[in-house]
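This is coords-v3.csv (CSV, N, CA and C atoms).
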```csv
chain,number,residue,atom,x,y,z
A,1,MET,N,-77.9,-75.4,94.2
A,1,MET,CA,-77.9,-76.7,94.7
A,1,MET,C,-77.0,-76.8,95.9
A,2,GLY,N,-75.8,-76.1,95.8
A,2,GLY,CA,-74.8,-76.1,96.9
A,2,GLY,C,-75.4,-75.5,98.1
A,3,GLY,N,-76.2,-74.4,98.0
A,3,GLY,CA,-76.7,-73.7,99.1
A,3,GLY,C,-77.8,-74.6,99.8
A,4,CYS,N,-78.5,-75.4,99.1
A,4,CYS,CA,-79.5,-76.3,99.7
A,4,CYS,C,-78.8,-77.4,100.5
A,5,MET,N,-77.7,-78.0,100.0
A,5,MET,CA,-77.0,-79.0,100.7
A,5,MET,C,-76.4,-78.4,101.9
A,6,LEU,N,-75.8,-77.2,101.9
A,6,LEU,CA,-75.2,-76.6,103.0
A,6,LEU,C,-76.3,-76.3,104.1
A,7,GLY,N,-77.5,-75.9,103.7
A,7,GLY,CA,-78.6,-75.7,104.6
A,7,GLY,C,-79.0,-77.0,105.3
A,8,ARG,N,-79.1,-78.1,104.5
A,8,ARG,CA,-79.4,-79.4,105.1
A,8,ARG,C,-78.3,-79.8,106.1
A,9,LEU,N,-77.1,-79.6,105.7
A,9,LEU,CA,-75.9,-80.0,106.6
A,9,LEU,C,-76.0,-79.2,107.9
A,10,LEU,N,-76.3,-77.9,107.8
A,10,LEU,CA,-76.4,-77.1,109.0
A,10,LEU,C,-77.5,-77.5,109.9
A,11,ILE,N,-78.7,-77.9,109.3
A,11,ILE,CA,-79.8,-78.3,110.1
A,11,ILE,C,-79.5,-79.7,110.8
A,12,ALA,N,-78.9,-80.6,110.0
A,12,ALA,CA,-78.5,-81.9,110.6
A,12,ALA,C,-77.5,-81.7,111.7
A,13,THR,N,-76.5,-80.8,111.5
A,13,THR,CA,-75.5,-80.6,112.6
A,13,THR,C,-76.1,-80.0,113.8
A,14,SER,N,-77.0,-79.1,113.6
A,14,SER,CA,-77.7,-78.4,114.7
A,14,SER,C,-78.5,-79.5,115.5
A,15,ALA,N,-79.2,-80.4,114.8
A,15,ALA,CA,-80.0,-81.4,115.5
A,15,ALA,C,-79.1,-82.3,116.3
A,16,ILE,N,-78.0,-82.7,115.7
A,16,ILE,CA,-77.0,-83.6,116.4
A,16,ILE,C,-76.5,-82.9,117.7
A,17,LEU,N,-76.1,-81.7,117.6
A,17,LEU,CA,-75.6,-80.9,118.7
A,17,LEU,C,-76.6,-80.7,119.8
A,18,ALA,N,-77.9,-80.5,119.4
A,18,ALA,CA,-78.9,-80.3,120.3
A,18,ALA,C,-79.2,-81.6,121.1
A,19,SER,N,-79.1,-82.8,120.3
A,19,SER,CA,-79.3,-84.1,120.9
A,19,SER,C,-78.2,-84.4,122.0
A,20,VAL,N,-77.0,-84.1,121.6
A,20,VAL,CA,-75.8,-84.3,122.5
A,20,VAL,C,-76.0,-83.4,123.7
A,21,HIS,N,-76.3,-82.2,123.5
A,21,HIS,CA,-76.5,-81.3,124.7
A,21,HIS,C,-77.6,-81.7,125.6
A,22,MET,N,-78.7,-82.2,125.0
A,22,MET,CA,-79.8,-82.7,125.9
A,22,MET,C,-79.4,-83.9,126.7
A,23,SER,N,-78.7,-84.9,126.1
A,23,SER,CA,-78.3,-86.1,126.8
A,23,SER,C,-77.3,-85.7,127.9
A,24,LEU,N,-76.4,-84.7,127.7
A,24,LEU,CA,-75.5,-84.3,128.7
A,24,LEU,C,-76.2,-83.6,129.8
A,25,ALA,N,-77.2,-82.8,129.5
A,25,ALA,CA,-77.9,-82.0,130.5
A,25,ALA,C,-78.7,-82.9,131.4
A,26,GLU,N,-79.2,-84.0,130.9
A,26,GLU,CA,-80.0,-84.9,131.6
A,26,GLU,C,-79.3,-86.0,132.4
A,27,GLU,N,-78.0,-86.1,132.2
A,27,GLU,CA,-77.3,-87.2,132.8
A,27,GLU,C,-77.3,-87.1,134.4
A,28,LEU,N,-77.5,-88.2,135.0
A,28,LEU,CA,-77.6,-88.3,136.5
A,28,LEU,C,-76.4,-87.7,137.2
A,29,LYS,N,-76.7,-86.8,138.1
A,29,LYS,CA,-75.6,-86.2,138.9
A,29,LYS,C,-76.1,-86.1,140.4
A,30,LEU,N,-75.3,-86.6,141.3
A,30,LEU,CA,-75.7,-86.5,142.7
A,30,LEU,C,-75.3,-85.1,143.2
A,31,THR,N,-76.2,-84.5,144.1
A,31,THR,CA,-75.9,-83.2,144.6
A,31,THR,C,-75.8,-83.2,146.1
A,32,LYS,N,-76.3,-84.2,146.8
A,32,LYS,CA,-76.2,-84.3,148.3
A,32,LYS,C,-76.4,-85.7,148.8
A,33,LEU,N,-75.7,-86.1,149.9
A,33,LEU,CA,-76.0,-87.3,150.6
A,33,LEU,C,-76.8,-86.9,151.8
A,34,VAL,N,-78.0,-87.4,151.9
A,34,VAL,CA,-78.9,-87.0,153.1
A,34,VAL,C,-79.0,-88.1,154.1
A,35,VAL,N,-78.5,-87.9,155.3
A,35,VAL,CA,-78.4,-88.9,156.3
A,35,VAL,C,-78.3,-88.2,157.7
A,36,LYS,N,-78.9,-88.7,158.7
A,36,LYS,CA,-78.8,-88.2,160.0
A,36,LYS,C,-77.3,-88.2,160.4
A,37,SER,N,-76.9,-87.2,161.2
A,37,SER,CA,-75.5,-87.1,161.5
A,37,SER,C,-75.1,-88.0,162.7
A,38,GLN,N,-76.1,-88.3,163.6
A,38,GLN,CA,-75.9,-89.2,164.7
A,38,GLN,C,-76.8,-90.4,164.6
A,39,LEU,N,-76.1,-91.6,164.7
A,39,LEU,CA,-76.8,-92.9,164.5
A,39,LEU,C,-76.5,-93.8,165.6
A,40,THR,N,-77.2,-94.9,165.7
A,40,THR,CA,-76.9,-96.0,166.7
A,40,THR,C,-76.4,-97.2,166.0
A,41,ALA,N,-75.3,-97.8,166.5
A,41,ALA,CA,-74.7,-99.0,166.0
A,41,ALA,C,-75.7,-100.1,165.9
A,42,GLY,N,-75.7,-100.8,164.7
A,42,GLY,CA,-76.6,-101.9,164.5
A,42,GLY,C,-78.0,-101.6,164.2
A,43,VAL,N,-78.4,-100.4,164.2
A,43,VAL,CA,-79.8,-100.0,163.9
A,43,VAL,C,-79.9,-99.4,162.4
A,44,PRO,N,-80.7,-100.0,161.6
A,44,PRO,CA,-80.8,-99.5,160.2
A,44,PRO,C,-81.2,-98.1,160.2
A,45,TYR,N,-80.7,-97.3,159.2
A,45,TYR,CA,-81.0,-95.9,159.0
A,45,TYR,C,-81.2,-95.6,157.6
A,46,ASP,N,-82.0,-94.5,157.4
A,46,ASP,CA,-82.3,-94.0,156.0
A,46,ASP,C,-81.1,-93.3,155.4
A,47,VAL,N,-80.8,-93.5,154.2
A,47,VAL,CA,-79.8,-92.7,153.4
A,47,VAL,C,-80.5,-92.4,152.1
A,48,SER,N,-80.4,-91.1,151.7
A,48,SER,CA,-80.9,-90.7,150.4
A,48,SER,C,-79.9,-89.9,149.6
A,49,PHE,N,-80.0,-90.0,148.3
A,49,PHE,CA,-79.1,-89.3,147.4
A,49,PHE,C,-80.0,-88.2,146.7
A,50,ARG,N,-79.7,-87.0,146.9
A,50,ARG,CA,-80.4,-85.9,146.1
A,50,ARG,C,-79.7,-85.9,144.8
A,51,TYR,N,-80.5,-85.7,143.7
A,51,TYR,CA,-79.9,-85.8,142.4
A,51,TYR,C,-80.4,-84.7,141.4
A,52,SER,N,-79.7,-84.5,140.4
A,52,SER,CA,-80.2,-83.7,139.2
A,52,SER,C,-80.1,-84.6,138.0
A,53,GLY,N,-80.8,-84.2,136.9
A,53,GLY,CA,-80.8,-85.1,135.8
A,53,GLY,C,-81.9,-86.1,135.8
A,54,THR,N,-81.6,-87.2,135.0
A,54,THR,CA,-82.7,-88.2,134.9
A,54,THR,C,-82.2,-89.5,135.6
A,55,PRO,N,-83.0,-90.1,136.5
A,55,PRO,CA,-82.6,-91.3,137.2
A,55,PRO,C,-82.9,-92.6,136.5
A,56,GLU,N,-83.1,-92.5,135.2
A,56,GLU,CA,-83.4,-93.7,134.4
A,56,GLU,C,-82.2,-94.6,134.4
A,57,GLY,N,-82.5,-95.9,134.6
A,57,GLY,CA,-81.4,-96.9,134.5
A,57,GLY,C,-80.6,-97.1,135.7
A,58,VAL,N,-81.0,-96.5,136.9
A,58,VAL,CA,-80.3,-96.7,138.1
A,58,VAL,C,-80.4,-98.2,138.5
A,59,ARG,N,-79.3,-98.8,138.8
A,59,ARG,CA,-79.3,-100.3,139.1
A,59,ARG,C,-78.7,-100.6,140.5
A,60,GLU,N,-77.9,-99.7,141.0
A,60,GLU,CA,-77.3,-100.0,142.3
A,60,GLU,C,-77.0,-98.7,143.0
A,61,VAL,N,-77.1,-98.7,144.4
A,61,VAL,CA,-76.5,-97.6,145.2
A,61,VAL,C,-75.3,-98.2,145.9
A,62,CYS,N,-74.3,-97.4,146.1
A,62,CYS,CA,-73.1,-97.8,146.7
A,62,CYS,C,-72.6,-96.9,147.9
A,63,LEU,N,-72.2,-97.4,149.0
A,63,LEU,CA,-71.7,-96.6,150.1
A,63,LEU,C,-70.3,-97.1,150.5
A,64,LEU,N,-69.5,-96.1,151.0
A,64,LEU,CA,-68.2,-96.4,151.6
A,64,LEU,C,-68.2,-95.7,153.0
A,65,TRP,N,-67.6,-96.4,154.0
A,65,TRP,CA,-67.5,-95.8,155.3
A,65,TRP,C,-66.0,-95.5,155.5
A,66,SER,N,-65.7,-94.2,155.5
A,66,SER,CA,-64.3,-93.7,155.6
A,66,SER,C,-63.3,-94.5,154.7
A,67,GLY,N,-63.8,-94.6,153.4
A,67,GLY,CA,-63.0,-95.3,152.4
A,67,GLY,C,-63.1,-96.8,152.3
A,68,GLU,N,-63.8,-97.4,153.3
A,68,GLU,CA,-64.0,-98.9,153.2
A,68,GLU,C,-65.2,-99.2,152.4
A,69,GLY,N,-65.0,-100.0,151.4
A,69,GLY,CA,-66.0,-100.3,150.4
A,69,GLY,C,-65.5,-100.1,149.0
A,70,PRO,N,-66.3,-100.0,148.0
A,70,PRO,CA,-67.8,-99.8,148.1
A,70,PRO,C,-68.6,-101.0,148.4
A,71,TYR,N,-69.7,-100.8,149.1
A,71,TYR,CA,-70.7,-101.9,149.3
A,71,TYR,C,-71.9,-101.4,148.5
A,72,CYS,N,-72.3,-102.3,147.6
A,72,CYS,CA,-73.4,-101.9,146.6
A,72,CYS,C,-74.5,-102.8,146.7
A,73,TRP,N,-75.7,-102.3,146.5
A,73,TRP,CA,-76.9,-103.2,146.5
A,73,TRP,C,-78.0,-102.5,145.7
A,74,SER,N,-79.0,-103.3,145.3
A,74,SER,CA,-80.1,-102.9,144.4
A,74,SER,C,-81.4,-102.6,145.2
A,75,ASP,N,-81.4,-102.6,146.5
A,75,ASP,CA,-82.6,-102.3,147.3
A,75,ASP,C,-82.6,-100.8,147.5
A,76,PHE,N,-83.4,-100.1,146.6
A,76,PHE,CA,-83.5,-98.7,146.7
A,76,PHE,C,-84.8,-98.3,146.1
A,77,ARG,N,-85.2,-97.0,146.3
A,77,ARG,CA,-86.5,-96.5,145.7
A,77,ARG,C,-86.2,-95.1,145.2
A,78,VAL,N,-86.7,-94.8,144.0
A,78,VAL,CA,-86.5,-93.5,143.4
A,78,VAL,C,-87.8,-92.7,143.6
A,79,GLU,N,-87.7,-91.5,144.2
A,79,GLU,CA,-88.8,-90.6,144.4
A,79,GLU,C,-88.6,-89.4,143.5
A,80,LYS,N,-89.1,-89.5,142.3
A,80,LYS,CA,-88.8,-88.5,141.2
A,80,LYS,C,-89.4,-87.1,141.6
A,81,SER,N,-90.5,-87.1,142.3
A,81,SER,CA,-91.1,-85.8,142.6
A,81,SER,C,-90.2,-85.0,143.6
A,82,ALA,N,-89.5,-85.7,144.5
A,82,ALA,CA,-88.6,-85.0,145.4
A,82,ALA,C,-87.1,-85.1,144.9
A,83,ARG,N,-86.8,-85.7,143.8
A,83,ARG,CA,-85.5,-85.9,143.2
A,83,ARG,C,-84.6,-86.5,144.2
A,84,LEU,N,-85.0,-87.7,144.8
A,84,LEU,CA,-84.3,-88.4,145.8
A,84,LEU,C,-84.3,-89.9,145.4
A,85,ILE,N,-83.1,-90.6,145.7
A,85,ILE,CA,-83.0,-92.0,145.7
A,85,ILE,C,-82.8,-92.5,147.1
A,86,HIS,N,-83.7,-93.3,147.6
A,86,HIS,CA,-83.7,-93.7,149.0
A,86,HIS,C,-83.2,-95.1,149.1
A,87,THR,N,-82.5,-95.4,150.2
A,87,THR,CA,-82.1,-96.7,150.6
A,87,THR,C,-81.9,-96.8,152.1
A,88,ARG,N,-81.5,-97.9,152.6
A,88,ARG,CA,-81.3,-98.0,154.1
A,88,ARG,C,-79.9,-98.7,154.2
A,89,ALA,N,-79.2,-98.4,155.3
A,89,ALA,CA,-77.9,-98.9,155.6
A,89,ALA,C,-77.9,-99.2,157.1
A,90,ARG,N,-76.8,-99.9,157.5
A,90,ARG,CA,-76.6,-100.2,158.9
A,90,ARG,C,-75.1,-100.2,159.1
A,91,THR,N,-74.7,-99.6,160.2
A,91,THR,CA,-73.3,-99.5,160.6
A,91,THR,C,-73.1,-100.2,162.0
A,92,GLY,N,-72.3,-101.2,162.0
A,92,GLY,CA,-72.2,-102.0,163.3
A,92,GLY,C,-71.2,-101.5,164.3
A,93,THR,N,-70.2,-100.8,163.9
A,93,THR,CA,-69.1,-100.4,164.8
A,93,THR,C,-69.2,-98.9,165.1
A,94,PRO,N,-69.3,-98.6,166.4
A,94,PRO,CA,-69.4,-97.2,166.8
A,94,PRO,C,-68.1,-96.5,166.5
A,95,ALA,N,-68.2,-95.3,165.8
A,95,ALA,CA,-67.1,-94.5,165.4
A,95,ALA,C,-67.6,-93.3,164.7
A,96,THR,N,-66.7,-92.4,164.3
A,96,THR,CA,-67.1,-91.3,163.4
A,96,THR,C,-66.6,-91.7,162.0
A,97,TYR,N,-67.4,-91.5,161.0
A,97,TYR,CA,-67.1,-91.9,159.7
A,97,TYR,C,-67.4,-90.7,158.7
A,98,VAL,N,-66.7,-90.8,157.6
A,98,VAL,CA,-67.1,-90.0,156.4
A,98,VAL,C,-67.8,-91.0,155.5
A,99,LEU,N,-69.1,-90.9,155.5
A,99,LEU,CA,-70.0,-91.7,154.6
A,99,LEU,C,-70.0,-91.2,153.2
A,100,SER,N,-69.6,-92.0,152.3
A,100,SER,CA,-69.5,-91.5,150.9
A,100,SER,C,-70.4,-92.4,150.1
A,101,GLY,N,-71.0,-91.9,149.0
A,101,GLY,CA,-71.9,-92.7,148.2
A,101,GLY,C,-71.9,-92.3,146.8
A,102,PHE,N,-72.3,-93.3,145.9
A,102,PHE,CA,-72.5,-93.0,144.5
A,102,PHE,C,-73.5,-94.0,144.0
A,103,VAL,N,-74.0,-93.8,142.8
A,103,VAL,CA,-75.0,-94.6,142.2
A,103,VAL,C,-74.5,-95.2,140.8
A,104,ARG,N,-74.8,-96.4,140.6
A,104,ARG,CA,-74.5,-97.0,139.3
A,104,ARG,C,-75.8,-97.0,138.4
A,105,PHE,N,-75.6,-96.5,137.2
A,105,PHE,CA,-76.8,-96.4,136.3
A,105,PHE,C,-76.3,-96.7,134.9
A,106,GLY,N,-77.0,-97.6,134.2
A,106,GLY,CA,-76.6,-98.0,132.9
A,106,GLY,C,-75.2,-98.7,133.1
A,107,ASN,N,-74.2,-98.3,132.3
A,107,ASN,CA,-72.9,-98.8,132.5
A,107,ASN,C,-71.9,-97.7,133.0
A,108,LYS,N,-72.5,-96.8,133.8
A,108,LYS,CA,-71.8,-95.6,134.4
A,108,LYS,C,-71.9,-95.5,135.9
A,109,GLU,N,-71.1,-94.7,136.5
A,109,GLU,CA,-71.3,-94.3,137.9
A,109,GLU,C,-71.4,-92.8,138.0
A,110,THR,N,-72.1,-92.4,139.0
A,110,THR,CA,-72.3,-90.9,139.3
A,110,THR,C,-71.0,-90.4,140.0
A,111,ASN,N,-71.0,-89.2,140.2
A,111,ASN,CA,-70.0,-88.6,141.1
A,111,ASN,C,-70.3,-89.1,142.5
A,112,VAL,N,-69.3,-88.8,143.4
A,112,VAL,CA,-69.4,-89.2,144.8
A,112,VAL,C,-69.9,-88.0,145.7
A,113,VAL,N,-70.8,-88.3,146.6
A,113,VAL,CA,-71.2,-87.3,147.6
A,113,VAL,C,-70.9,-87.9,149.0
A,114,THR,N,-70.7,-87.0,150.0
A,114,THR,CA,-70.2,-87.4,151.3
A,114,THR,C,-71.0,-86.7,152.4
A,115,ALA,N,-71.0,-87.3,153.6
A,115,ALA,CA,-71.6,-86.7,154.8
A,115,ALA,C,-70.8,-87.3,156.0
A,116,ASN,N,-70.7,-86.5,157.0
A,116,ASN,CA,-70.1,-87.0,158.2
A,116,ASN,C,-71.1,-87.6,159.1
A,117,ILE,N,-70.9,-88.8,159.7
A,117,ILE,CA,-71.8,-89.4,160.6
A,117,ILE,C,-71.0,-89.9,161.8
A,118,LYS,N,-71.7,-89.9,163.0
A,118,LYS,CA,-71.2,-90.4,164.2
A,118,LYS,C,-72.1,-91.5,164.6
A,119,VAL,N,-71.5,-92.7,164.8
A,119,VAL,CA,-72.3,-93.9,165.2
A,119,VAL,C,-72.0,-94.2,166.6
A,120,MET,N,-73.1,-94.1,167.4
A,120,MET,CA,-73.0,-94.3,168.9
A,120,MET,C,-73.2,-95.7,169.2
A,121,PRO,N,-72.7,-96.2,170.4
A,121,PRO,CA,-72.9,-97.6,170.8
A,121,PRO,C,-74.4,-97.8,171.1
A,122,ALA,N,-74.9,-99.0,170.9
A,122,ALA,CA,-76.3,-99.3,171.2
A,122,ALA,C,-76.4,-99.3,172.7
A,123,LYS,N,-77.6,-99.0,173.2
A,123,LYS,CA,-77.8,-99.0,174.7
A,123,LYS,C,-78.5,-100.2,175.1
```
Go through the file and emit its structure as structure tokens.
Amino acid sequence: MGGCMLGRLLIATSAILASVHMSLAEELKLTKLVVKSQLTAGVPYDVSFRYSGTPEGVREVCLLWSGEGPYCWSDFRVEKSARLIHTRARTGTPATYVLSGFVRFGNKETNVVTANIKVMPAK
């Protein structure tokens, strides 16, 4: 009888560990911020987050310009086949920035990814 209980305990423990491992492996992680490096002030531009894991429950995308922000919004589109989350942004002031971004999903936030951008004056 003791061996049978031990066997069931081992099976249950293995199932729990496999479940925990699966949920950790599938958690959303950003791998790259995709944006053109040279932009025009006041003109909307595409910003995409390349990700790994599962994008379920994404509720907001957030950006910071050289530490200013975060500015967050829910206007985005998930392209699962390309593993990208797309949005649009606009920068009004010409300058060079470190654009940083993250995504809010469920009650969590992803890691932060960055890219350098140069915003040129409008002609």
Next item on the list: Select, from A:Val43, A:Met120, A:Val112, A:Cys62, the residue with the minimum atom-to-atom distance to A:Lys29, counting only N, CA and C atoms.
Entry: A:Val112
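Of the listed residues (A:Thr40, A:Asp46, A:Glu79, A:Leu99), A:Leu99 comes nearest to A:Thr114; the distances count only C-alpha atoms.
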Item checked: Ref. answer, residues at most 8 Å from (-82.2, -100.5, 139.6) with only N, CA and C atoms, as number ranges by chain -> A: 56-61, 73-76, 104-105
If you keep N, CA and C atoms, can you produce a file of those selected residues as a PDB file, in the frame of the given file?
```pdb
ATOM      1  N   GLU A  56     -83.100 -92.500 135.200  1.00  0.00           N
ATOM      2  CA  GLU A  56     -83.400 -93.700 134.400  1.00  0.00           C
ATOM      3  C   GLU A  56     -82.200 -94.600 134.400  1.00  0.00           C
ATOM      4  N   GLY A  57     -82.500 -95.900 134.600  1.00  0.00           N
ATOM      5  CA  GLY A  57     -81.400 -96.900 134.500  1.00  0.00           C
ATOM      6  C   GLY A  57     -80.600 -97.100 135.700  1.00  0.00           C
ATOM      7  N   VAL A  58     -81.000 -96.500 136.900  1.00  0.00           N
ATOM      8  CA  VAL A  58     -80.300 -96.700 138.100  1.00  0.00           C
ATOM      9  C   VAL A  58     -80.400 -98.200 138.500  1.00  0.00           C
ATOM     10  N   ARG A  59     -79.300 -98.800 138.800  1.00  0.00           N
ATOM     11  CA  ARG A  59     -79.300-100.300 139.100  1.00  0.00           C
ATOM     12  C   ARG A  59     -78.700-100.600 140.500  1.00  0.00           C
ATOM     13  N   GLU A  60     -77.900 -99.700 141.000  1.00  0.00           N
ATOM     14  CA  GLU A  60     -77.300-100.000 142.300  1.00  0.00           C
ATOM     15  C   GLU A  60     -77.000 -98.700 143.000  1.00  0.00           C
ATOM     16  N   VAL A  61     -77.100 -98.700 144.400  1.00  0.00           N
ATOM     17  CA  VAL A  61     -76.500 -97.600 145.200  1.00  0.00           C
ATOM     18  C   VAL A  61     -75.300 -98.200 145.900  1.00  0.00           C
ATOM     19  N   TRP A  73     -75.700-102.300 146.500  1.00  0.00           N
ATOM     20  CA  TRP A  73     -76.900-103.200 146.500  1.00  0.00           C
ATOM     21  C   TRP A  73     -78.000-102.500 145.700  1.00  0.00           C
ATOM     22  N   SER A  74     -79.000-103.300 145.300  1.00  0.00           N
ATOM     23  CA  SER A  74     -80.100-102.900 144.400  1.00  0.00           C
ATOM     24  C   SER A  74     -81.400-102.600 145.200  1.00  0.00           C
ATOM     25  N   ASP A  75     -81.400-102.600 146.500  1.00  0.00           N
ATOM     26  CA  ASP A  75     -82.600-102.300 147.300  1.00  0.00           C
ATOM     27  C   ASP A  75     -82.600-100.800 147.500  1.00  0.00           C
ATOM     28  N   PHE A  76     -83.400-100.100 146.600  1.00  0.00           N
ATOM     29  CA  PHE A  76     -83.500 -98.700 146.700  1.00  0.00           C
ATOM     30  C   PHE A  76     -84.800 -98.300 146.100  1.00  0.00           C
ATOM     31  N   ARG A 104     -74.800 -96.400 140.600  1.00  0.00           N
ATOM     32  CA  ARG A 104     -74.500 -97.000 139.300  1.00  0.00           C
ATOM     33  C   ARG A 104     -75.800 -97.000 138.400  1.00  0.00           C
ATOM     34  N   PHE A 105     -75.600 -96.500 137.200  1.00  0.00           N
ATOM     35  CA  PHE A 105     -76.800 -96.400 136.300  1.00  0.00           C
ATOM     36  C   PHE A 105     -76.300 -96.700 134.900  1.00  0.00           C
TER      37      PHE A 105
END
```
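Closest approach to A:Val103 from the set A:Leu63, A:Ala115, A:Val78, A:Val47 is made by A:Leu63, with distances taken over only N, CA and C atoms.
Proximity to A:Ser66 was assessed for A:Val35, A:Glu26, A:Lys118, A:Thr96 counting only N, CA and C atoms; the smallest distance is recorded for A:Thr96.
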Checklist line | For atom N of A:Thr110 and atom N of A:Ala41, the interatomic separation in Å (one decimal) | finding: 28.2 Å
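Take atom CA of A:Tyr71 and atom CA of A:Pro121: the distance between them is 22.0 Å.
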Next item on the list: Figure out the distance between atom CA of A:Lys123 and atom CA of A:Phe49, please, to one decimal in Å.
Entry: 29.0 Å
